[in-house]
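Listing of upload_5.pdb, PDB, C-alpha atoms
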```
ATOM      1  CA  MET A 184      90.670 123.915 166.751
ATOM      2  CA  SER A 185      90.040 122.780 170.288
ATOM      3  CA  THR A 186      91.955 119.746 171.478
ATOM      4  CA  LEU A 187      90.454 116.616 172.956
ATOM      5  CA  ARG A 188      92.406 117.396 176.125
ATOM      6  CA  ALA A 189      90.628 120.743 176.460
ATOM      7  CA  LEU A 190      87.241 119.085 175.983
ATOM      8  CA  GLU A 191      88.202 116.405 178.510
ATOM      9  CA  CYS A 192      89.079 119.156 181.000
ATOM     10  CA  LEU A 193      85.756 120.898 180.418
ATOM     11  CA  ILE A 194      83.707 117.744 180.995
ATOM     12  CA  ALA A 195      85.737 116.802 184.081
ATOM     13  CA  VAL A 196      85.146 120.263 185.570
ATOM     14  CA  LEU A 197      81.421 120.152 184.814
ATOM     15  CA  ASP A 198      81.076 116.656 186.294
ATOM     16  CA  ALA A 199      83.123 117.444 189.417
ATOM     17  CA  GLY A 200      81.866 121.002 189.873
ATOM     18  CA  SER A 201      85.374 121.912 190.953
ATOM     19  CA  ILE A 202      88.630 122.700 189.180
ATOM     20  CA  THR A 203      90.583 121.222 192.086
ATOM     21  CA  GLU A 204      88.737 117.889 191.966
ATOM     22  CA  ALA A 205      88.778 117.759 188.149
ATOM     23  CA  ALA A 206      92.552 118.312 188.114
ATOM     24  CA  ALA A 207      93.012 115.499 190.617
ATOM     25  CA  LEU A 208      90.834 113.134 188.550
ATOM     26  CA  LEU A 209      92.853 113.912 185.414
ATOM     27  CA  HIS A 210      96.193 113.781 187.255
ATOM     28  CA  MET A 211      96.943 117.355 186.222
ATOM     29  CA  SER A 212      97.982 120.464 188.093
ATOM     30  CA  GLN A 213      95.314 123.128 188.580
ATOM     31  CA  PRO A 214      97.242 125.692 186.490
ATOM     32  CA  ALA A 215      97.539 123.207 183.616
ATOM     33  CA  LEU A 216      93.811 122.480 183.690
ATOM     34  CA  SER A 217      92.978 126.188 183.887
ATOM     35  CA  HIS A 218      95.266 126.770 180.885
ATOM     36  CA  GLN A 219      93.307 124.197 178.849
ATOM     37  CA  LEU A 220      89.993 125.843 179.765
ATOM     38  CA  ALA A 221      91.350 129.279 178.934
ATOM     39  CA  ALA A 222      92.517 128.090 175.514
ATOM     40  CA  LEU A 223      89.053 126.664 174.816
ATOM     41  CA  GLU A 224      87.374 129.893 175.918
ATOM     42  CA  ARG A 225      89.678 131.979 173.704
ATOM     43  CA  GLU A 226      88.823 129.857 170.710
ATOM     44  CA  ILE A 227      85.074 130.049 171.379
ATOM     45  CA  GLY A 228      85.244 133.714 172.303
ATOM     46  CA  ALA A 229      83.243 133.375 175.526
ATOM     47  CA  PRO A 230      83.623 131.727 178.949
ATOM     48  CA  VAL A 231      82.406 128.137 179.276
ATOM     49  CA  VAL A 232      82.450 127.955 183.089
ATOM     50  CA  GLU A 233      81.561 130.418 185.799
ATOM     51  CA  ARG A 234      83.741 130.594 188.906
ATOM     52  CA  LEU A 235      81.680 130.530 192.069
ATOM     53  CA  PRO A 236      82.746 131.057 195.698
ATOM     54  CA  ARG A 237      82.656 127.284 195.988
ATOM     55  CA  GLY A 238      83.332 125.475 192.781
ATOM     56  CA  VAL A 239      82.294 126.221 189.212
ATOM     57  CA  ARG A 240      79.270 125.740 186.974
ATOM     58  CA  ALA A 241      78.665 125.859 183.244
ATOM     59  CA  THR A 242      77.749 129.106 181.555
ATOM     60  CA  ALA A 243      75.081 129.175 178.871
ATOM     61  CA  ILE A 244      77.867 128.658 176.317
ATOM     62  CA  GLY A 245      79.273 125.795 178.376
ATOM     63  CA  ARG A 246      75.872 124.101 178.516
ATOM     64  CA  ALA A 247      75.459 124.562 174.759
ATOM     65  CA  VAL A 248      78.752 122.813 173.907
ATOM     66  CA  GLU A 249      78.630 120.140 176.619
ATOM     67  CA  ALA A 250      76.711 117.541 174.599
ATOM     68  CA  ASP A 251      79.001 117.864 171.568
ATOM     69  CA  ALA A 252      82.071 117.720 173.802
ATOM     70  CA  ARG A 253      80.871 114.462 175.356
ATOM     71  CA  MET A 254      80.150 113.020 171.905
ATOM     72  CA  ALA A 255      83.623 113.975 170.697
ATOM     73  CA  LEU A 256      85.263 112.254 173.670
ATOM     74  CA  THR A 257      83.118 109.164 173.179
ATOM     75  CA  ALA A 258      84.033 109.041 169.479
ATOM     76  CA  ALA A 259      87.739 109.404 170.317
ATOM     77  CA  ALA A 260      87.502 106.551 172.798
ATOM     78  CA  ARG A 261      85.743 104.459 170.172
ATOM     79  CA  VAL A 262      88.608 105.106 167.731
ATOM     80  CA  VAL A 263      91.110 103.794 170.262
ATOM     81  CA  ASP A 264      88.938 100.780 171.111
ATOM     82  CA  SER A 265      88.538  99.930 167.418
ATOM     83  CA  GLY A 266      92.289 100.142 166.899
ATOM     84  CA  LYS A 267      92.966  97.872 169.851
ATOM     85  CA  ALA A 268      90.417  95.364 168.520
ATOM     86  CA  VAL A 269      92.234  95.222 165.180
ATOM     87  CA  VAL A 270      95.545  94.674 166.980
ATOM     88  CA  ARG A 271      93.943  91.702 168.758
ATOM     89  CA  GLY A 272      92.674  90.353 165.424
ATOM     90  CA  GLU A 273      89.053  91.159 166.294
ATOM     91  CA  GLY A 274      88.299  93.491 163.408
ATOM     92  CA  GLY A 275      89.680  95.429 160.467
ATOM     93  CA  VAL A 276      90.371  94.638 156.822
ATOM     94  CA  LEU A 277      93.375  92.702 155.509
ATOM     95  CA  ARG A 278      94.040  93.491 151.837
ATOM     96  CA  LEU A 279      96.148  90.845 150.117
ATOM     97  CA  ALA A 280      97.723  90.689 146.663
ATOM     98  CA  CYS A 281      98.945  87.270 145.590
ATOM     99  CA  ALA A 282     100.580  85.697 142.558
ATOM    100  CA  GLU A 283      97.715  83.617 141.230
ATOM    101  CA  SER A 284      99.778  80.416 141.044
ATOM    102  CA  LEU A 285     100.166  80.626 144.841
ATOM    103  CA  THR A 286      96.558  81.312 145.820
ATOM    104  CA  ALA A 287      95.362  77.739 146.148
ATOM    105  CA  SER A 288      98.508  76.047 147.425
ATOM    106  CA  LEU A 289     100.214  78.617 149.657
ATOM    107  CA  LEU A 290      97.569  81.189 150.602
ATOM    108  CA  ALA A 291      94.323  79.212 150.892
ATOM    109  CA  PRO A 292      95.380  76.913 153.791
ATOM    110  CA  VAL A 293      96.608  79.887 155.839
ATOM    111  CA  LEU A 294      93.455  81.873 155.049
ATOM    112  CA  ARG A 295      91.277  78.955 156.118
ATOM    113  CA  THR A 296      92.902  78.862 159.554
ATOM    114  CA  TRP A 297      93.049  82.652 159.812
ATOM    115  CA  ILE A 298      89.348  83.149 159.095
ATOM    116  CA  ARG A 299      88.441  80.497 161.641
ATOM    117  CA  ARG A 300      90.570  82.192 164.321
ATOM    118  CA  HIS A 301      89.725  85.787 163.355
ATOM    119  CA  PRO A 302      86.196  85.807 161.893
ATOM    120  CA  GLU A 303      85.830  89.566 162.461
ATOM    121  CA  VAL A 304      88.731  90.384 160.107
ATOM    122  CA  ARG A 305      87.557  90.931 156.530
ATOM    123  CA  ILE A 306      89.817  89.668 153.742
ATOM    124  CA  GLN A 307      90.170  91.365 150.352
ATOM    125  CA  LEU A 308      92.146  89.376 147.769
ATOM    126  CA  THR A 309      93.624  90.484 144.448
ATOM    127  CA  GLU A 310      95.419  88.005 142.185
ATOM    128  CA  THR A 311      98.166  88.987 139.730
ATOM    129  CA  THR A 312     100.341  87.295 137.135
ATOM    130  CA  SER A 313     103.524  89.323 137.674
ATOM    131  CA  ALA A 314     105.643  90.383 140.626
ATOM    132  CA  ASP A 315     105.691  93.984 139.419
ATOM    133  CA  ASP A 316     101.876  94.045 139.582
ATOM    134  CA  LEU A 317     102.212  93.126 143.251
ATOM    135  CA  VAL A 318     104.336  96.237 143.777
ATOM    136  CA  HIS A 319     101.751  98.360 141.974
ATOM    137  CA  HIS A 320      99.055  97.267 144.412
ATOM    138  CA  LEU A 321     101.281  98.003 147.404
ATOM    139  CA  GLU A 322     102.381 101.403 146.132
ATOM    140  CA  SER A 323      98.869 102.455 145.085
ATOM    141  CA  GLY A 324      97.500 101.545 148.512
ATOM    142  CA  THR A 325      95.134  98.821 147.271
ATOM    143  CA  ALA A 326      97.035  96.078 149.143
ATOM    144  CA  ASP A 327      98.709  95.855 152.543
ATOM    145  CA  LEU A 328     100.609  92.632 151.906
ATOM    146  CA  ALA A 329     101.750  90.854 148.732
ATOM    147  CA  LEU A 330     102.848  87.252 148.206
ATOM    148  CA  GLY A 331     105.000  86.193 145.290
ATOM    149  CA  PRO A 332     108.482  86.133 143.769
ATOM    150  CA  ARG A 333     110.737  89.114 144.463
ATOM    151  CA  PRO A 334     109.902  91.945 142.042
ATOM    152  CA  THR A 335     112.531  93.955 140.233
ATOM    153  CA  ARG A 336     111.811  97.276 141.948
ATOM    154  CA  TRP A 337     110.599  96.656 145.502
ATOM    155  CA  THR A 338     112.703  98.387 148.165
ATOM    156  CA  GLY A 339     110.310  98.039 151.091
ATOM    157  CA  ALA A 340     110.116  95.450 153.846
ATOM    158  CA  SER A 341     109.958  91.776 152.919
ATOM    159  CA  GLU A 342     110.275  88.338 154.487
ATOM    160  CA  LEU A 343     111.415  85.174 152.783
ATOM    161  CA  ILE A 344     108.809  82.402 152.630
ATOM    162  CA  GLY A 345     111.099  79.901 150.939
ATOM    163  CA  PRO A 346     112.286  78.581 147.561
ATOM    164  CA  GLU A 347     109.828  77.324 144.962
ATOM    165  CA  GLU A 348     111.142  74.704 142.536
ATOM    166  CA  ILE A 349     110.379  74.852 138.824
ATOM    167  CA  VAL A 350     109.858  71.437 137.254
ATOM    168  CA  ALA A 351     109.173  70.068 133.793
ATOM    169  CA  VAL A 352     105.681  68.751 133.068
ATOM    170  CA  LEU A 353     105.504  66.174 130.260
ATOM    171  CA  PRO A 354     102.580  64.268 128.830
ATOM    172  CA  ALA A 355     102.467  60.604 129.793
ATOM    173  CA  GLY A 356     104.596  58.484 127.453
ATOM    174  CA  HIS A 357     106.704  61.401 126.213
ATOM    175  CA  PRO A 358     110.054  60.239 124.738
ATOM    176  CA  LEU A 359     111.929  62.169 127.460
ATOM    177  CA  SER A 360     109.919  60.695 130.320
ATOM    178  CA  HIS A 361     112.566  57.987 130.929
ATOM    179  CA  ARG A 362     115.122  60.627 131.958
ATOM    180  CA  ASP A 363     115.733  61.150 135.676
ATOM    181  CA  ARG A 364     116.122  64.881 135.114
ATOM    182  CA  LEU A 365     115.817  67.259 132.200
ATOM    183  CA  SER A 366     118.159  70.056 131.214
ATOM    184  CA  PHE A 367     117.440  73.091 129.083
ATOM    185  CA  ASN A 368     119.366  71.352 126.305
ATOM    186  CA  ASP A 369     116.683  68.642 126.346
ATOM    187  CA  LEU A 370     114.135  71.319 125.478
ATOM    188  CA  HIS A 371     115.942  72.244 122.271
ATOM    189  CA  ASP A 372     113.488  71.933 119.334
ATOM    190  CA  GLN A 373     110.793  70.661 121.725
ATOM    191  CA  PRO A 374     107.329  72.269 121.617
ATOM    192  CA  VAL A 375     106.910  74.241 124.830
ATOM    193  CA  VAL A 376     103.736  75.350 126.585
ATOM    194  CA  HIS A 377     104.875  78.851 127.479
ATOM    195  CA  TYR A 378     103.480  81.877 129.282
ATOM    196  CA  HIS A 379     101.898  85.064 128.046
ATOM    197  CA  PRO A 380     104.236  88.080 128.341
ATOM    198  CA  ASP A 381     101.916  89.496 131.019
ATOM    199  CA  ASN A 382     102.974  86.623 133.263
ATOM    200  CA  GLY A 383     106.339  87.304 134.905
ATOM    201  CA  LEU A 384     107.333  83.657 134.384
ATOM    202  CA  ALA A 385     107.605  84.245 130.638
ATOM    203  CA  GLY A 386     110.502  86.708 130.722
ATOM    204  CA  TRP A 387     112.217  84.953 133.620
ATOM    205  CA  LEU A 388     112.178  81.534 131.903
ATOM    206  CA  ASP A 389     113.309  83.066 128.598
ATOM    207  CA  THR A 390     116.276  84.600 130.432
ATOM    208  CA  GLU A 391     117.158  81.298 132.095
ATOM    209  CA  ALA A 392     116.896  79.443 128.783
ATOM    210  CA  ALA A 393     119.059  82.048 127.056
ATOM    211  CA  ARG A 394     121.752  81.533 129.713
ATOM    212  CA  HIS A 395     121.940  77.936 128.505
ATOM    213  CA  GLY A 396     121.835  78.942 124.845
ATOM    214  CA  VAL A 397     118.447  77.305 124.276
ATOM    215  CA  PRO A 398     115.562  79.293 122.782
ATOM    216  CA  LEU A 399     112.155  78.143 123.959
ATOM    217  CA  GLU A 400     109.736  77.296 121.140
ATOM    218  CA  PRO A 401     106.194  78.134 122.302
ATOM    219  CA  VAL A 402     103.454  76.037 120.781
ATOM    220  CA  VAL A 403     100.861  77.886 122.859
ATOM    221  CA  ARG A 404     100.911  80.566 125.572
ATOM    222  CA  THR A 405      98.779  80.948 128.674
ATOM    223  CA  ARG A 406      98.588  83.448 131.513
ATOM    224  CA  GLN A 407      98.218  80.810 134.240
ATOM    225  CA  ALA A 408     100.757  78.270 135.460
ATOM    226  CA  ASN A 409      98.191  75.623 136.378
ATOM    227  CA  THR A 410      96.739  75.873 132.858
ATOM    228  CA  ALA A 411     100.232  75.419 131.412
ATOM    229  CA  ALA A 412     100.563  72.190 133.397
ATOM    230  CA  GLN A 413      97.208  70.917 132.167
ATOM    231  CA  LEU A 414      97.997  71.783 128.537
ATOM    232  CA  ALA A 415     101.301  69.931 128.803
ATOM    233  CA  ALA A 416      99.548  66.935 130.336
ATOM    234  CA  SER A 417      97.121  66.888 127.414
ATOM    235  CA  GLY A 418     100.030  66.390 124.992
ATOM    236  CA  LEU A 419     100.652  69.867 123.603
ATOM    237  CA  GLY A 420     104.265  70.037 124.744
ATOM    238  CA  ILE A 421     106.536  70.449 127.750
ATOM    239  CA  ALA A 422     105.787  73.104 130.374
ATOM    240  CA  LEU A 423     108.086  74.534 133.033
ATOM    241  CA  VAL A 424     105.843  75.016 136.048
ATOM    242  CA  PRO A 425     106.300  76.035 139.691
ATOM    243  CA  THR A 426     105.490  73.140 142.001
ATOM    244  CA  THR A 427     102.962  75.329 143.844
ATOM    245  CA  ALA A 428     100.810  75.416 140.685
ATOM    246  CA  LEU A 429     100.600  71.633 140.266
ATOM    247  CA  GLY A 430      97.316  69.993 141.167
ATOM    248  CA  PRO A 431      97.217  66.659 143.014
ATOM    249  CA  ALA A 432      95.489  64.763 140.202
ATOM    250  CA  LEU A 433      97.520  66.036 137.244
ATOM    251  CA  PRO A 434      97.844  63.147 134.706
ATOM    252  CA  ALA A 435     101.394  63.975 133.683
ATOM    253  CA  THR A 436     105.015  63.059 134.217
ATOM    254  CA  LEU A 437     107.056  65.444 136.374
ATOM    255  CA  LYS A 438     110.822  65.863 136.154
ATOM    256  CA  HIS A 439     113.360  67.842 138.144
ATOM    257  CA  LEU A 440     115.567  70.131 136.091
ATOM    258  CA  HIS A 441     119.345  69.879 135.972
ATOM    259  CA  PRO A 442     120.775  72.121 137.167
ATOM    260  CA  PRO A 443     117.888  72.726 139.584
ATOM    261  CA  LEU A 444     115.809  75.811 138.883
ATOM    262  CA  SER A 445     113.974  77.652 141.634
ATOM    263  CA  ARG A 446     112.863  81.113 142.677
ATOM    264  CA  ASP A 447     112.418  82.559 146.153
ATOM    265  CA  LEU A 448     108.962  83.567 147.318
ATOM    266  CA  PHE A 449     108.472  86.558 149.595
ATOM    267  CA  CYS A 450     105.957  88.423 151.691
ATOM    268  CA  LEU A 451     106.161  92.087 150.666
ATOM    269  CA  ILE A 452     104.944  94.240 153.541
ATOM    270  CA  SER A 453     103.637  97.797 153.204
ATOM    271  CA  THR A 454     103.744  98.610 156.935
ATOM    272  CA  PRO A 455     106.108  96.263 158.789
ATOM    273  CA  THR A 456     105.126  97.655 162.220
ATOM    274  CA  ASP A 457     101.441  96.802 161.741
ATOM    275  CA  PRO A 458     100.680  93.992 164.226
ATOM    276  CA  LEU A 459      97.846  92.558 162.116
ATOM    277  CA  LEU A 460     100.160  92.223 159.109
ATOM    278  CA  ARG A 461     102.962  90.830 161.248
ATOM    279  CA  ARG A 462     100.683  88.107 162.586
ATOM    280  CA  PHE A 463      99.585  87.082 159.087
ATOM    281  CA  VAL A 464     103.146  87.157 157.730
ATOM    282  CA  SER A 465     104.250  84.950 160.611
ATOM    283  CA  ASP A 466     101.589  82.369 159.707
ATOM    284  CA  ILE A 467     102.644  82.377 156.038
ATOM    285  CA  VAL A 468     106.363  82.078 156.817
ATOM    286  CA  ASP A 469     105.794  79.344 159.411
ATOM    287  CA  ARG A 470     103.936  77.227 156.860
ATOM    288  CA  GLY A 471     106.536  77.774 154.153
ATOM    289  CA  VAL A 472     106.318  76.724 150.516
ATOM    290  CA  PRO A 473     104.117  73.624 150.261
ATOM    291  CA  LEU A 474     104.812  70.501 148.230
ATOM    292  CA  THR A 475     101.918  68.075 148.021
ATOM    293  CA  ALA A 476     102.493  64.371 148.609
ATOM    294  CA  SER A 477     101.354  63.503 145.077
ATOM    295  CA  VAL A 478     103.840  65.934 143.490
ATOM    296  CA  ARG A 479     106.633  64.659 145.759
ATOM    297  CA  THR A 480     105.821  61.076 144.725
ATOM    298  CA  LYS A 481     105.797  61.905 141.012
ATOM    299  CA  LEU A 482     109.131  63.695 141.253
ATOM    300  CA  GLY A 483     110.635  60.744 143.109
TER     301      GLY A 483
END
```
So that I can check it, write out the structure of this file as structure tokens.
Amino acid sequence: MSTLRALECLIAVLDAGSITEAAALLHMSQPALSHQLAALEREIGAPVVERLPRGVRATAIGRAVEADARMALTAAARVVDSGKAVVRGEGGVLRLACAESLTASLLAPVLRTWIRRHPEVRIQLTETTSADDLVHHLESGTADLALGPRPTRWTGASELIGPEEIVAVLPAGHPLSHRDRLSFNDLHDQPVVHYHPDNGLAGWLDTEAARHGVPLEPVVRTRQANTAAQLAASGLGIALVPTTALGPALPATLKHLHPPLSRDLFCLISTPTDPLLRRFVSDIVDRGVPLTASVRTKLG
């Protein structure tokens, strides 16, 4: 298959009418340019230029392929221009996978600023309930960047966003609400608003509770952390919820755990050299893990 360089040489020769001038315009030696033309002619099976006493001109074959050669060079230039535009944040598609408990608190503020600064970049968002689902989207090519806790089997590039605290959510007036902090022992025999096994929090919290010798007693299970907080607030039981999933108007009592319980949040990056991804990751990391003023006040 002919190379773009060979087509570039052909068009330069036809425009200049001279191999010498075309070589100078392309910053090539005459033998190198002649070699490119010869390779093109061998592939076509016929000469594309005719050597004259002074200069050259296209043969019938050369005239026949000239238009397509120009179109190919224009298309190649357009590819490069499009790529440069994406690097500048002026185009392209950014495919994100995000743990759903982080979408509103961590991702949405960054997206709001990003879309305002880069309106030409299209955003595709997929929400998941487990860290391993994030890996699936990265490995299957349906996401370029994932935000969430560290999965069990990701070996690619990642950047730490920061720690996310897990706190206890109690209904107002709960007998344990007078405590400064709650331990796993305090949850013994308490009804717990727990998570569906599809949510990675379920297994992780069960493991943490088992380390303290306390089995969690689910009274109800949900796939979403913010729903767990709301169910606890309504009086169904105690929920262990990441602070990023707590809404500002939650009518509940919040308590730190003792010892403190937290998990690190990461950006998982499919192509760490991609400048568009690097720019977005930088914005996420710079903002860090948010903690709203209302949650901070309730925790004391």
Expand the PyMOL selection byres ((chain A and resi 208-223) around 9) into the individual residues it matches in the shown file, reporting them as a PyMOL selection string. chain A and resi 184-186+188-193+195+199+202-207+224-232
Leaving out stretch 367-371 of chain A and any residue of its chain fewer than 4 positions from it, which residues lie within 10 Å of it when counting only C-alpha atoms, given as a PDB file with C-alpha atoms, in the frame of the given file?
```pdb
ATOM      1  CA  ALA A 351     109.173  70.068 133.793  1.00  0.00           C
ATOM      2  CA  LEU A 359     111.929  62.169 127.460  1.00  0.00           C
ATOM      3  CA  ARG A 362     115.122  60.627 131.958  1.00  0.00           C
ATOM      4  CA  VAL A 375     106.910  74.241 124.830  1.00  0.00           C
ATOM      5  CA  GLU A 391     117.158  81.298 132.095  1.00  0.00           C
ATOM      6  CA  ALA A 392     116.896  79.443 128.783  1.00  0.00           C
ATOM      7  CA  ALA A 393     119.059  82.048 127.056  1.00  0.00           C
ATOM      8  CA  ARG A 394     121.752  81.533 129.713  1.00  0.00           C
ATOM      9  CA  HIS A 395     121.940  77.936 128.505  1.00  0.00           C
ATOM     10  CA  GLY A 396     121.835  78.942 124.845  1.00  0.00           C
ATOM     11  CA  VAL A 397     118.447  77.305 124.276  1.00  0.00           C
ATOM     12  CA  PRO A 398     115.562  79.293 122.782  1.00  0.00           C
ATOM     13  CA  LEU A 399     112.155  78.143 123.959  1.00  0.00           C
ATOM     14  CA  GLU A 400     109.736  77.296 121.140  1.00  0.00           C
ATOM     15  CA  GLY A 420     104.265  70.037 124.744  1.00  0.00           C
ATOM     16  CA  ILE A 421     106.536  70.449 127.750  1.00  0.00           C
ATOM     17  CA  ALA A 422     105.787  73.104 130.374  1.00  0.00           C
ATOM     18  CA  LEU A 440     115.567  70.131 136.091  1.00  0.00           C
ATOM     19  CA  HIS A 441     119.345  69.879 135.972  1.00  0.00           C
ATOM     20  CA  PRO A 442     120.775  72.121 137.167  1.00  0.00           C
TER      21      PRO A 442
END
```
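Those residues that approach A:Glu233 to within 10 Å, counting all atoms listed in the file, are Gly238, Val239, Arg240, Ala241, Thr242, Ala243 and Gly245 of chain A; same-chain residues fewer than 5 positions away are not listed.
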note - atom CA of A:Leu388 and atom CA of A:Leu423 are separated by 8.2 Å
Selected residue, from A:Thr325, A:Thr296, A:Thr456, A:Thr436, that lies nearest to A:Ala355 when counting only C-alpha atoms: A:Thr436
Nearest to A:His379 by atom-to-atom distance, counting only C-alpha atoms, from A:Leu321, A:Ala408, A:Val276, A:Val352: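 Residue with the minimum atom-to-atom distance to A:His379: A:Ala408.
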Tell me which protein, DNA and RNA residues are within 7 Å of stretch 458-474 of chain A, counting only C-alpha atoms, leaving out same-chain ones fewer than 4 positions away, and put them as a PyMOL selection string. chain A and resi 269-270+272+288-289+293+344-347+426-427+450+478-479
Point-to-point distance from atom CA of A:Arg234 to atom CA of A:Arg246, Å rounded to tenths: 14.6 Å
Taking the partial coordinates given, rebuild stretch 454-465 of chain A to contain N, CA and C atoms; return it as a compact mmCIF listing (two decimals), in the coordinates of the input.
```txt
# COMPACT_ATOMS: atom_id res chain seq x y z
N THR A 454 103.51 97.98 155.63
CA THR A 454 103.74 98.61 156.94
C THR A 454 104.25 97.55 157.89
N PRO A 455 105.56 97.38 157.99
CA PRO A 455 106.11 96.26 158.79
C PRO A 455 105.82 96.35 160.28
N THR A 456 105.43 97.54 160.78
CA THR A 456 105.13 97.66 162.22
C THR A 456 103.68 97.34 162.53
N ASP A 457 102.86 97.10 161.51
CA ASP A 457 101.44 96.80 161.74
C ASP A 457 101.30 95.41 162.36
N PRO A 458 100.73 95.31 163.57
CA PRO A 458 100.68 93.99 164.23
C PRO A 458 99.78 92.99 163.51
N LEU A 459 98.72 93.47 162.85
CA LEU A 459 97.85 92.56 162.12
C LEU A 459 98.61 91.93 160.95
N LEU A 460 99.36 92.75 160.21
CA LEU A 460 100.16 92.22 159.11
C LEU A 460 101.25 91.29 159.62
N ARG A 461 101.89 91.66 160.72
CA ARG A 461 102.96 90.83 161.25
C ARG A 461 102.44 89.44 161.62
N ARG A 462 101.25 89.40 162.19
CA ARG A 462 100.68 88.11 162.59
C ARG A 462 100.41 87.24 161.36
N PHE A 463 99.88 87.86 160.30
CA PHE A 463 99.58 87.08 159.09
C PHE A 463 100.87 86.63 158.41
N VAL A 464 101.86 87.52 158.33
CA VAL A 464 103.15 87.16 157.73
C VAL A 464 103.77 85.99 158.48
N SER A 465 103.68 86.03 159.80
CA SER A 465 104.25 84.95 160.61
C SER A 465 103.61 83.61 160.26
```
